[in-house]
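Structure data follow from start35.txt (compact mmCIF, C-alpha atoms):
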```
# COMPACT_ATOMS: atom_id res chain seq x y z
CA MET A 2 -28.10 -24.62 -69.51
CA MET A 3 -29.75 -21.49 -70.75
CA HIS A 4 -30.71 -20.65 -67.25
CA LEU A 5 -27.04 -20.77 -66.20
CA ARG A 6 -26.03 -18.35 -68.97
CA HIS A 7 -28.63 -15.81 -67.88
CA GLY A 8 -27.40 -16.09 -64.28
CA ARG A 9 -23.84 -15.37 -65.36
CA LEU A 10 -24.90 -12.39 -67.42
CA ILE A 11 -26.90 -10.93 -64.55
CA ALA A 12 -23.94 -11.39 -62.15
CA LEU A 13 -21.57 -9.75 -64.65
CA ALA A 14 -23.92 -6.80 -65.13
CA GLY A 15 -24.21 -6.36 -61.37
CA LEU A 16 -20.43 -6.28 -61.02
CA LEU A 17 -20.14 -3.65 -63.73
CA VAL A 18 -22.72 -1.46 -62.01
CA LEU A 19 -20.98 -1.80 -58.64
CA SER A 20 -17.54 -1.06 -60.06
CA GLY A 21 -18.88 2.05 -61.73
CA CYS A 22 -20.32 3.32 -58.45
CA SER A 23 -17.21 2.66 -56.42
CA SER A 24 -14.89 4.79 -58.54
CA SER A 25 -17.16 7.83 -58.36
CA ASP A 26 -17.58 7.36 -54.55
CA GLU A 27 -13.82 7.12 -54.20
CA ASP A 28 -13.30 10.29 -56.25
CA GLU A 29 -15.89 12.08 -54.14
CA LEU A 30 -14.15 10.95 -50.95
CA ARG A 31 -10.75 12.14 -52.20
CA HIS A 32 -12.23 15.52 -53.14
CA TRP A 33 -13.82 15.90 -49.68
CA MET A 34 -10.51 15.04 -47.93
CA ALA A 35 -8.61 17.59 -50.05
CA ASP A 36 -11.17 20.31 -49.17
CA LEU A 37 -10.94 19.43 -45.50
CA ARG A 38 -7.14 19.62 -45.51
CA ALA A 39 -7.23 23.01 -47.24
CA THR A 40 -9.72 24.57 -44.81
CA THR A 41 -8.45 23.13 -41.50
CA LYS A 42 -5.69 25.07 -39.80
CA PRO A 43 -3.68 23.30 -37.06
CA ARG A 44 -3.59 24.99 -33.67
CA VAL A 45 -0.20 24.87 -31.97
CA THR A 46 0.20 26.51 -28.59
CA PRO A 47 3.49 28.36 -28.39
CA LEU A 48 6.07 27.21 -25.85
CA LYS A 49 6.75 29.41 -22.84
CA GLU A 50 10.06 31.15 -22.51
CA PRO A 51 12.40 29.27 -20.15
CA LYS A 52 13.10 30.86 -16.77
CA GLN A 53 16.24 32.90 -16.67
CA PHE A 54 18.84 31.48 -14.26
CA LEU A 55 20.21 34.11 -11.93
CA PRO A 56 23.33 32.94 -10.08
CA GLU A 57 23.77 34.13 -6.50
CA ASP A 58 26.89 34.46 -4.42
CA TYR A 59 27.42 31.98 -1.57
CA ALA A 60 26.72 33.63 1.76
CA GLY A 61 27.56 30.65 3.96
CA ASP A 62 29.89 32.53 6.25
CA LYS A 63 26.88 34.10 8.02
CA GLY A 64 25.24 30.81 9.14
CA MET A 65 26.41 27.58 10.75
CA ASP A 66 29.01 25.53 8.92
CA PRO A 67 27.31 22.31 7.66
CA PHE A 68 30.61 20.43 7.92
CA ASN A 69 31.25 21.36 11.54
CA PRO A 70 32.66 18.25 13.30
CA ILE A 71 30.97 19.16 16.59
CA LYS A 72 27.55 19.22 14.94
CA LEU A 73 28.21 15.84 13.29
CA THR A 74 29.33 14.31 16.60
CA GLN A 75 26.14 15.52 18.33
CA ALA A 76 23.93 14.04 15.59
CA LEU A 77 25.72 10.68 15.76
CA ARG A 78 25.47 10.60 19.57
CA ARG A 79 21.72 11.36 19.39
CA GLU A 80 21.17 8.62 16.77
CA SER A 81 23.15 6.03 18.75
CA SER A 82 21.11 6.72 21.91
CA GLU A 83 17.89 6.14 19.93
CA THR A 84 19.28 2.88 18.54
CA VAL A 85 20.26 1.73 22.04
CA ALA A 86 16.77 2.59 23.34
CA ASN A 87 15.16 0.58 20.52
CA ALA A 88 17.56 -2.33 21.10
CA THR A 89 16.74 -2.42 24.82
CA LEU A 90 13.05 -2.54 23.91
CA ILE A 91 13.36 -5.73 21.88
CA ALA A 92 16.36 -7.42 23.59
CA PRO A 93 14.43 -8.96 26.53
CA GLU A 94 11.78 -10.23 24.11
CA MET A 95 14.38 -12.11 22.06
CA ALA A 96 16.00 -13.75 25.10
CA ARG A 97 12.89 -15.38 26.57
CA ARG A 98 11.24 -18.66 25.56
CA LYS A 99 8.22 -18.25 23.26
CA GLU A 100 4.77 -19.21 24.54
CA PRO A 101 2.48 -21.44 22.41
CA LEU A 102 0.01 -18.66 21.54
CA GLU A 103 2.79 -16.55 19.99
CA ALA A 104 2.80 -18.87 16.99
CA TYR A 105 -0.58 -17.48 15.82
CA PRO A 106 -1.28 -14.05 14.34
CA LEU A 107 -3.45 -11.87 16.55
CA ASP A 108 -6.34 -11.85 14.08
CA ALA A 109 -6.59 -15.67 14.44
CA VAL A 110 -7.08 -15.33 18.22
CA LYS A 111 -10.64 -14.79 19.48
CA MET A 112 -11.56 -13.77 23.03
CA VAL A 113 -14.59 -15.85 23.97
CA GLY A 114 -14.95 -15.14 27.68
CA SER A 115 -13.46 -13.97 30.94
CA LEU A 116 -13.52 -15.14 34.54
CA ASN A 117 -11.93 -14.43 37.91
CA LYS A 118 -9.84 -17.33 39.06
CA THR A 119 -8.95 -16.83 42.75
CA GLY A 120 -9.26 -13.07 42.28
CA VAL A 121 -7.02 -12.99 39.20
CA PRO A 122 -8.71 -11.86 35.97
CA THR A 123 -8.38 -14.58 33.34
CA ALA A 124 -9.45 -14.46 29.69
CA LEU A 125 -10.58 -17.40 27.62
CA VAL A 126 -9.27 -17.30 24.07
CA SER A 127 -10.02 -19.60 21.17
CA VAL A 128 -7.37 -20.51 18.58
CA ASP A 129 -7.79 -23.28 15.99
CA LYS A 130 -10.92 -24.57 17.81
CA LEU A 131 -8.95 -24.97 21.06
CA LEU A 132 -9.66 -23.02 24.26
CA TYR A 133 -6.82 -21.41 26.27
CA GLN A 134 -6.73 -19.51 29.58
CA VAL A 135 -4.48 -16.42 29.62
CA ARG A 136 -3.61 -13.92 32.33
CA ALA A 137 -1.91 -10.54 32.46
CA GLY A 138 1.76 -11.12 31.72
CA ASN A 139 1.19 -13.90 29.18
CA TYR A 140 2.27 -13.37 25.58
CA LEU A 141 -0.05 -13.53 22.59
CA GLY A 142 0.38 -12.98 18.84
CA GLN A 143 3.40 -12.74 16.58
CA ASN A 144 4.40 -9.15 17.48
CA TYR A 145 5.72 -9.88 21.00
CA GLY A 146 2.25 -9.03 22.39
CA LYS A 147 2.22 -9.03 26.20
CA ILE A 148 -1.17 -8.97 27.93
CA VAL A 149 -1.28 -5.84 30.10
CA SER A 150 -4.84 -5.97 31.45
CA ILE A 151 -7.98 -8.10 31.24
CA SER A 152 -11.54 -6.88 31.79
CA GLU A 153 -14.89 -8.58 31.27
CA THR A 154 -15.23 -7.23 27.72
CA ASN A 155 -11.67 -6.98 26.38
CA MET A 156 -7.99 -7.43 26.99
CA ARG A 157 -5.20 -4.96 26.25
CA LEU A 158 -1.84 -5.98 24.82
CA ARG A 159 1.47 -4.16 24.44
CA GLU A 160 3.04 -5.16 21.13
CA ILE A 161 6.54 -4.39 19.87
CA VAL A 162 6.54 -3.77 16.11
CA GLN A 163 8.88 -2.21 13.57
CA ASP A 164 7.86 1.14 12.11
CA SER A 165 8.49 2.26 8.53
CA THR A 166 12.10 3.22 9.33
CA GLY A 167 12.88 -0.18 10.86
CA ASP A 168 12.93 1.03 14.47
CA TRP A 169 11.16 -0.98 17.17
CA VAL A 170 8.20 0.83 18.77
CA GLU A 171 5.51 -0.08 21.29
CA ARG A 172 1.89 -0.29 20.18
CA MET A 173 -1.17 -0.87 22.34
CA THR A 174 -3.79 -3.27 20.94
CA THR A 175 -7.21 -4.26 22.26
CA LEU A 176 -8.77 -7.66 21.69
CA ASP A 177 -12.55 -7.40 22.28
CA LEU A 178 -14.98 -10.04 23.47
CA GLN A 179 -17.29 -10.69 20.51
CA GLU A 180 -18.55 -13.30 18.09
CA GLY A 181 -16.22 -12.38 15.19
CA ASN A 182 -12.45 -12.42 15.35
CA GLU A 183 -11.92 -8.71 14.81
CA VAL A 184 -8.98 -6.83 16.29
CA ARG A 185 -9.17 -3.10 17.08
CA LYS A 186 -5.94 -1.15 17.23
```
Is it possible to express this structure as structure tokens?
Amino acid sequence: MMHLRHGRLIALAGLLVLSGCSSSDEDELRHWMADLRATTKPRVTPLKEPKQFLPEDYAGDKGMDPFNPIKLTQALRRESSETVANATLIAPEMARRKEPLEAYPLDAVKMVGSLNKTGVPTALVSVDKLLYQVRAGNYLGQNYGKIVSISETNMRLREIVQDSTGDWVERMTTLDLQEGNEVRK
């Protein structure tokens, strides 16, 4: 029991010592912060003067009138001829029956060989572990890809794709004979 009393007294003395130290440390910290605030000057960069707006008179009578109906008619005619050209590019492709190899993306098709069958170049392509024979004129891939030519090492396709503006354009693609299924454009 006596041992417990001594333990409590030692703990109480330790707390008194610690509480005495903390108040002086806190005062010292407050003093240091006050000194730092007094000596530190904030640096503010001044704002630049705004540009002065100088109005100018309209001098449109010297140039072409932007609302000229003739100019508008010419622009519309030019745009409609481009639209017709793009529509004629894709129209025959939409009207024909799809071939089986058009269901696969071009990067899933792998050229694994070539041969001459009665003088006609023929390529051997592998899709989903099946082997197909294709000739110039056959269609391949999902972008209306028509085989244009076949050589021993590659075959060239003419694809019809949409560009960033939504117009249909032709693109030539080469499918090489190799181990991997890489496509070079």
- What is the distance between CA of Glu160 in chain A and CA of Val128 in chain A, in Å to one decimal?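 Computing it gives 18.7 Å between the two atoms.
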- Message: Set the distance at 8 Å and use all atoms listed in the file: which residues neighbour Leu116 in chain A once local chain neighbours fewer than 4 positions away are removed? I'd like the list as a PyMOL selection string.
- Response: chain A and resi 122-125+153
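Interatomic distance, CA of Ser25 in chain A against CA of Lys42 in chain A: 27.8 Å.
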- Quote the spacing between CA of Arg157 in chain A and CA of Met173 in chain A in Å to one decimal place. 6.9 Å
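The residue that comes closest to Lys111 in chain A, out of A:Thr41, A:Thr46, A:Thr175, A:Gln75 and on the basis of all atoms listed in the file, is A:Thr175.
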- Item | Contact residues around Gln179 in chain A with all atoms listed in the file at 9 Å, ignoring same-chain residues under 4 positions, as a ChimeraX atom specification | /A:111-114,154-155,183
